[in-house]
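Everything below concerns the one structure shown next.
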Amino acid sequence: MTPVRSSFLRGCVASAPFVIVVIPFALLFGVVATEAGLNLLQVMLFSFSVFAGASQFAAVQLMQDQAPVLVVLATSLAVNLRMVMYSVAMAPHLGAAPFGTRALMAYFLVDQSFAASQAEFERRPDQPLADKVAFFFGTVTPIAPMWFVATFAGAVVGEAIPPEYALDFAVPITFLAICAPMLRSIPHVVAAAVSILAALLLAGLPYGTGLLLAAALAMAAGAGAEVALTRKGTAHED
């Protein structure tokens, strides 16, 4: 087996456990999107064009609340701002890939592919670029098809899924599974704590604007903690 093929298969194996939560997550989106008034074609086009579960949920729920278009777009953008940070983290490992390859990776950069790839690249930072690219695409191979298939199933089945199945459990569990192992520093923990507290306190604001404010506060708190620690370290060196 070639190293590239081996890396691809390792990527598949690394992200395979995420399928457990991707299926109910996508089913729930299909259900919510149809309840919001989208037909099957619109649901699938939405899922294929955006391919970002959290922002898709945010947009659909705001559409149900008849929020202004600008609020829908701003909230979806805020939810997906984490992709910018993901891209920055991936750039040292994948930035030398051809433009077309990077564009395709940008489309498939989701929480699961980032989490699995980042862990792999930290363990094996010196592996060749071709192996890293293969691993990344391996991580999305179990995820992407299952997301589209389950979205289709949710849109078709719709309200036939019993409420007691509580598919919405998949949303928080997905992010807990991804984020918890990455809280490795004080600024990370500060940002996470502020985001949780602010999101809870501001949950009553209309059109999900509390989420926008919570995200801004969390980023500011994390950056502030990073600056404070850097200054403290510099002071100790002096």
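Ligands are numbered from 1 in the order shown, residues from 1 within each chain, and chains are lettered A, B, ... in the order they appear in the structure tokens.
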Got a sec: who's within 10 Å of Met90 (chain A), counting only C-alpha atoms, leaving out chain neighbours fewer than 4 positions off, as a PyMOL selection string?
chain A and resi 84-86+94-95+109+114+117-118+121
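For Ala16 (chain A), the residues within 10 Å (counting only C-alpha atoms, excluding itself and residues fewer than 2 positions away along the chain) are Arg10, Gly11, Cys12, Val13, Ala14, Phe18, Val19, Ile20, Val22, Gln112, Ala116, Gly138, Thr139, Val140, Thr141, Pro142 and Ile143 of chain A.
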Could you take the residues named above and write them with all heavy atoms, as a compact mmCIF listing (two decimals), in the first residue's frame?
```
# COMPACT_ATOMS: atom_id res chain seq x y z
N ARG A 10 -6.27 6.20 6.79
CA ARG A 10 -6.19 6.66 8.18
C ARG A 10 -7.16 7.80 8.43
O ARG A 10 -7.78 7.91 9.49
CB ARG A 10 -4.77 7.11 8.53
CG ARG A 10 -3.79 5.99 8.82
CD ARG A 10 -2.61 6.46 9.69
NE ARG A 10 -2.13 7.78 9.34
CZ ARG A 10 -1.25 8.03 8.38
NH1 ARG A 10 -0.78 7.03 7.64
NH2 ARG A 10 -0.84 9.26 8.13
N GLY A 11 -7.29 8.69 7.44
CA GLY A 11 -8.25 9.79 7.57
C GLY A 11 -9.67 9.29 7.67
O GLY A 11 -10.46 9.79 8.48
N CYS A 12 -10.00 8.28 6.86
CA CYS A 12 -11.34 7.70 6.91
C CYS A 12 -11.63 7.12 8.29
O CYS A 12 -12.71 7.32 8.86
CB CYS A 12 -11.49 6.60 5.85
SG CYS A 12 -11.46 7.19 4.14
N VAL A 13 -10.66 6.38 8.81
CA VAL A 13 -10.82 5.74 10.12
C VAL A 13 -10.94 6.80 11.23
O VAL A 13 -11.74 6.67 12.15
CB VAL A 13 -9.65 4.79 10.40
CG1 VAL A 13 -9.70 4.28 11.84
CG2 VAL A 13 -9.66 3.61 9.43
N ALA A 14 -10.12 7.87 11.11
CA ALA A 14 -10.11 8.90 12.16
C ALA A 14 -11.45 9.62 12.28
O ALA A 14 -11.86 10.00 13.39
CB ALA A 14 -8.99 9.91 11.87
N PHE A 18 -17.41 10.08 13.90
CA PHE A 18 -18.28 11.26 13.82
C PHE A 18 -19.59 10.95 13.10
O PHE A 18 -20.56 11.70 13.24
CB PHE A 18 -17.57 12.41 13.11
CG PHE A 18 -16.48 13.06 13.92
CD1 PHE A 18 -15.17 13.07 13.48
CD2 PHE A 18 -16.78 13.67 15.14
CE1 PHE A 18 -14.17 13.67 14.23
CE2 PHE A 18 -15.78 14.27 15.90
CZ PHE A 18 -14.47 14.27 15.44
N VAL A 19 -19.60 9.88 12.32
CA VAL A 19 -20.82 9.51 11.59
C VAL A 19 -21.98 9.29 12.55
O VAL A 19 -23.14 9.55 12.23
CB VAL A 19 -20.57 8.26 10.72
CG1 VAL A 19 -21.87 7.74 10.11
CG2 VAL A 19 -19.57 8.58 9.60
N ILE A 20 -21.65 8.83 13.75
CA ILE A 20 -22.69 8.55 14.76
C ILE A 20 -23.53 9.78 15.06
O ILE A 20 -24.73 9.68 15.29
CB ILE A 20 -22.03 8.01 16.05
CG1 ILE A 20 -21.31 6.68 15.77
CG2 ILE A 20 -23.07 7.84 17.16
CD1 ILE A 20 -20.51 6.17 16.94
N VAL A 22 -23.30 12.69 12.98
CA VAL A 22 -23.62 13.36 11.72
C VAL A 22 -25.00 12.93 11.22
O VAL A 22 -25.78 13.75 10.72
CB VAL A 22 -22.55 13.07 10.65
CG1 VAL A 22 -23.06 13.45 9.26
CG2 VAL A 22 -21.28 13.85 10.96
N GLN A 112 -15.56 18.36 11.74
CA GLN A 112 -15.03 17.00 11.85
C GLN A 112 -13.72 16.83 11.09
O GLN A 112 -12.78 16.23 11.61
CB GLN A 112 -16.08 16.00 11.35
CG GLN A 112 -17.33 15.92 12.18
CD GLN A 112 -18.36 16.98 11.80
OE1 GLN A 112 -18.13 17.82 10.94
NE2 GLN A 112 -19.52 16.93 12.44
N ALA A 116 -10.09 16.03 13.11
CA ALA A 116 -9.32 14.82 12.82
C ALA A 116 -7.98 15.18 12.18
O ALA A 116 -6.94 14.60 12.52
CB ALA A 116 -10.11 13.89 11.90
N GLY A 138 -9.48 11.98 3.23
CA GLY A 138 -9.97 10.78 3.88
C GLY A 138 -10.94 11.09 5.00
O GLY A 138 -11.93 10.39 5.21
N THR A 139 -10.68 12.21 5.71
CA THR A 139 -11.55 12.56 6.84
C THR A 139 -12.96 12.93 6.39
O THR A 139 -13.92 12.75 7.15
CB THR A 139 -10.97 13.73 7.66
OG1 THR A 139 -10.91 14.91 6.84
CG2 THR A 139 -9.59 13.40 8.19
N VAL A 140 -13.10 13.47 5.18
CA VAL A 140 -14.44 13.89 4.74
C VAL A 140 -15.18 12.78 4.00
O VAL A 140 -16.38 12.91 3.76
CB VAL A 140 -14.37 15.15 3.84
CG1 VAL A 140 -13.76 16.31 4.60
CG2 VAL A 140 -13.60 14.89 2.56
N THR A 141 -14.46 11.71 3.65
CA THR A 141 -15.10 10.64 2.88
C THR A 141 -16.25 9.97 3.62
O THR A 141 -17.30 9.71 3.03
CB THR A 141 -14.05 9.61 2.44
OG1 THR A 141 -13.08 10.26 1.60
CG2 THR A 141 -14.69 8.46 1.67
N PRO A 142 -16.14 9.67 4.92
CA PRO A 142 -17.31 9.11 5.62
C PRO A 142 -18.35 10.17 5.96
O PRO A 142 -19.52 9.85 6.14
CB PRO A 142 -16.70 8.52 6.91
CG PRO A 142 -15.23 8.55 6.73
CD PRO A 142 -14.95 9.67 5.79
N ILE A 143 -17.92 11.44 6.06
CA ILE A 143 -18.79 12.49 6.58
C ILE A 143 -19.71 13.08 5.51
O ILE A 143 -20.93 13.13 5.68
CB ILE A 143 -17.95 13.61 7.22
CG1 ILE A 143 -17.13 13.08 8.40
CG2 ILE A 143 -18.86 14.76 7.66
CD1 ILE A 143 -17.95 12.51 9.52
```
How would you write, as a ChimeraX atom specification, the set of residues in region 46-116 of chain A that DSSP gives as alpha helix (DSSP H)?
/A:46-50,53-64,69-80,82-94,99-108,111-116
Closest of A:Pro206, A:Pro24, A:Gly30, A:Pro17 to Val156 (chain A), counting only C-alpha atoms, is A:Gly30
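With only C-alpha atoms taken into account, the protein and nucleic acid residues at most 8 Å from Val43 (chain A) (excluding it and anything under 2 positions from it in its own chain) are Gly30, Ala33, Thr34, Leu38, Asn39, Leu40, Leu41, Leu45, Phe46, Ser47, Thr151, Phe152 and Ala155 of chain A.
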Please, could you write that set of residues out with N, CA, C and O atoms as a PDB file, in the first residue's frame?
```pdb
ATOM      1  N   GLY A  30     -32.801  18.232   7.853  1.00  0.00           N
ATOM      2  CA  GLY A  30     -33.802  17.970   6.826  1.00  0.00           C
ATOM      3  C   GLY A  30     -35.209  18.212   7.331  1.00  0.00           C
ATOM      4  O   GLY A  30     -36.050  18.801   6.633  1.00  0.00           O
ATOM      5  N   ALA A  33     -35.693  22.082   8.038  1.00  0.00           N
ATOM      6  CA  ALA A  33     -35.746  22.858   6.800  1.00  0.00           C
ATOM      7  C   ALA A  33     -37.104  22.711   6.103  1.00  0.00           C
ATOM      8  O   ALA A  33     -37.656  23.688   5.584  1.00  0.00           O
ATOM      9  N   THR A  34     -37.644  21.486   6.099  1.00  0.00           N
ATOM     10  CA  THR A  34     -38.955  21.290   5.473  1.00  0.00           C
ATOM     11  C   THR A  34     -40.048  21.967   6.298  1.00  0.00           C
ATOM     12  O   THR A  34     -41.000  22.525   5.743  1.00  0.00           O
ATOM     13  N   LEU A  38     -39.205  24.975   3.116  1.00  0.00           N
ATOM     14  CA  LEU A  38     -38.391  24.652   1.946  1.00  0.00           C
ATOM     15  C   LEU A  38     -38.846  23.330   1.350  1.00  0.00           C
ATOM     16  O   LEU A  38     -39.173  22.390   2.076  1.00  0.00           O
ATOM     17  N   ASN A  39     -38.850  23.253   0.013  1.00  0.00           N
ATOM     18  CA  ASN A  39     -39.170  21.974  -0.609  1.00  0.00           C
ATOM     19  C   ASN A  39     -37.914  21.118  -0.694  1.00  0.00           C
ATOM     20  O   ASN A  39     -36.812  21.565  -0.341  1.00  0.00           O
ATOM     21  N   LEU A  40     -38.056  19.898  -1.171  1.00  0.00           N
ATOM     22  CA  LEU A  40     -36.932  18.947  -1.176  1.00  0.00           C
ATOM     23  C   LEU A  40     -35.751  19.474  -1.977  1.00  0.00           C
ATOM     24  O   LEU A  40     -34.597  19.376  -1.537  1.00  0.00           O
ATOM     25  N   LEU A  41     -36.017  20.039  -3.156  1.00  0.00           N
ATOM     26  CA  LEU A  41     -34.928  20.565  -3.985  1.00  0.00           C
ATOM     27  C   LEU A  41     -34.202  21.693  -3.272  1.00  0.00           C
ATOM     28  O   LEU A  41     -32.963  21.751  -3.272  1.00  0.00           O
ATOM     29  N   LEU A  45     -30.270  21.711  -2.258  1.00  0.00           N
ATOM     30  CA  LEU A  45     -29.398  22.756  -2.793  1.00  0.00           C
ATOM     31  C   LEU A  45     -28.763  23.558  -1.664  1.00  0.00           C
ATOM     32  O   LEU A  45     -27.581  23.926  -1.730  1.00  0.00           O
ATOM     33  N   PHE A  46     -29.541  23.819  -0.632  1.00  0.00           N
ATOM     34  CA  PHE A  46     -29.034  24.530   0.552  1.00  0.00           C
ATOM     35  C   PHE A  46     -27.883  23.735   1.170  1.00  0.00           C
ATOM     36  O   PHE A  46     -26.817  24.273   1.462  1.00  0.00           O
ATOM     37  N   SER A  47     -28.102  22.435   1.340  1.00  0.00           N
ATOM     38  CA  SER A  47     -27.105  21.597   1.993  1.00  0.00           C
ATOM     39  C   SER A  47     -25.846  21.450   1.143  1.00  0.00           C
ATOM     40  O   SER A  47     -24.728  21.503   1.654  1.00  0.00           O
ATOM     41  N   THR A 151     -29.602  14.150   5.209  1.00  0.00           N
ATOM     42  CA  THR A 151     -30.395  15.360   4.989  1.00  0.00           C
ATOM     43  C   THR A 151     -31.582  15.056   4.087  1.00  0.00           C
ATOM     44  O   THR A 151     -32.720  15.476   4.348  1.00  0.00           O
ATOM     45  N   PHE A 152     -31.316  14.319   3.015  1.00  0.00           N
ATOM     46  CA  PHE A 152     -32.379  13.912   2.086  1.00  0.00           C
ATOM     47  C   PHE A 152     -33.440  13.095   2.828  1.00  0.00           C
ATOM     48  O   PHE A 152     -34.645  13.332   2.673  1.00  0.00           O
ATOM     49  N   ALA A 155     -35.534  15.298   5.067  1.00  0.00           N
ATOM     50  CA  ALA A 155     -36.450  16.138   4.309  1.00  0.00           C
ATOM     51  C   ALA A 155     -37.634  15.334   3.770  1.00  0.00           C
ATOM     52  O   ALA A 155     -38.756  15.831   3.702  1.00  0.00           O
TER      53      ALA A 155
END
```
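Residues surrounding region 189-198 of chain A within 8 Å are Leu183, Gly210, Leu213, Ala214, Ala215, Leu217, Ala218, Met219, Ala220, Ala221, Gly222 and Ala225 of chain A [only C-alpha atoms; sequence separation below 6 positions excluded].
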Just-selected residues, N, CA and C atoms written as an mmCIF file, in the first residue's frame:
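Full text of result_6.cif as output:
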```
data_model
loop_
_atom_site.group_PDB
_atom_site.id
_atom_site.type_symbol
_atom_site.label_atom_id
_atom_site.label_comp_id
_atom_site.auth_asym_id
_atom_site.auth_seq_id
_atom_site.Cartn_x
_atom_site.Cartn_y
_atom_site.Cartn_z
ATOM 1 N N LEU A 183 -9.421 22.328 24.169
ATOM 2 C CA LEU A 183 -9.284 23.338 25.216
ATOM 3 C C LEU A 183 -8.007 23.063 26.003
ATOM 4 N N GLY A 210 -28.206 37.364 20.215
ATOM 5 C CA GLY A 210 -27.407 37.031 21.392
ATOM 6 C C GLY A 210 -26.219 36.174 21.032
ATOM 7 N N LEU A 213 -23.430 38.443 19.759
ATOM 8 C CA LEU A 213 -22.764 39.140 20.861
ATOM 9 C C LEU A 213 -21.914 38.173 21.681
ATOM 10 N N ALA A 214 -22.426 36.958 21.905
ATOM 11 C CA ALA A 214 -21.671 35.971 22.676
ATOM 12 C C ALA A 214 -20.379 35.601 21.967
ATOM 13 N N ALA A 215 -20.436 35.455 20.646
ATOM 14 C CA ALA A 215 -19.235 35.124 19.882
ATOM 15 C C ALA A 215 -18.196 36.236 19.982
ATOM 16 N N LEU A 217 -17.932 38.533 22.366
ATOM 17 C CA LEU A 217 -17.411 38.589 23.737
ATOM 18 C C LEU A 217 -16.416 37.471 24.008
ATOM 19 N N ALA A 218 -16.703 36.282 23.494
ATOM 20 C CA ALA A 218 -15.807 35.147 23.710
ATOM 21 C C ALA A 218 -14.461 35.377 23.044
ATOM 22 N N MET A 219 -14.488 35.870 21.806
ATOM 23 C CA MET A 219 -13.222 36.131 21.107
ATOM 24 C C MET A 219 -12.417 37.214 21.813
ATOM 25 N N ALA A 220 -13.114 38.259 22.276
ATOM 26 C CA ALA A 220 -12.425 39.330 22.992
ATOM 27 C C ALA A 220 -11.830 38.822 24.295
ATOM 28 N N ALA A 221 -12.575 37.980 25.006
ATOM 29 C CA ALA A 221 -12.089 37.441 26.278
ATOM 30 C C ALA A 221 -10.882 36.531 26.054
ATOM 31 N N GLY A 222 -10.957 35.683 25.044
ATOM 32 C CA GLY A 222 -9.836 34.798 24.752
ATOM 33 C C GLY A 222 -8.594 35.577 24.357
ATOM 34 N N ALA A 225 -7.143 37.260 27.436
ATOM 35 C CA ALA A 225 -6.409 36.314 28.276
ATOM 36 C C ALA A 225 -5.049 35.989 27.673
#
```
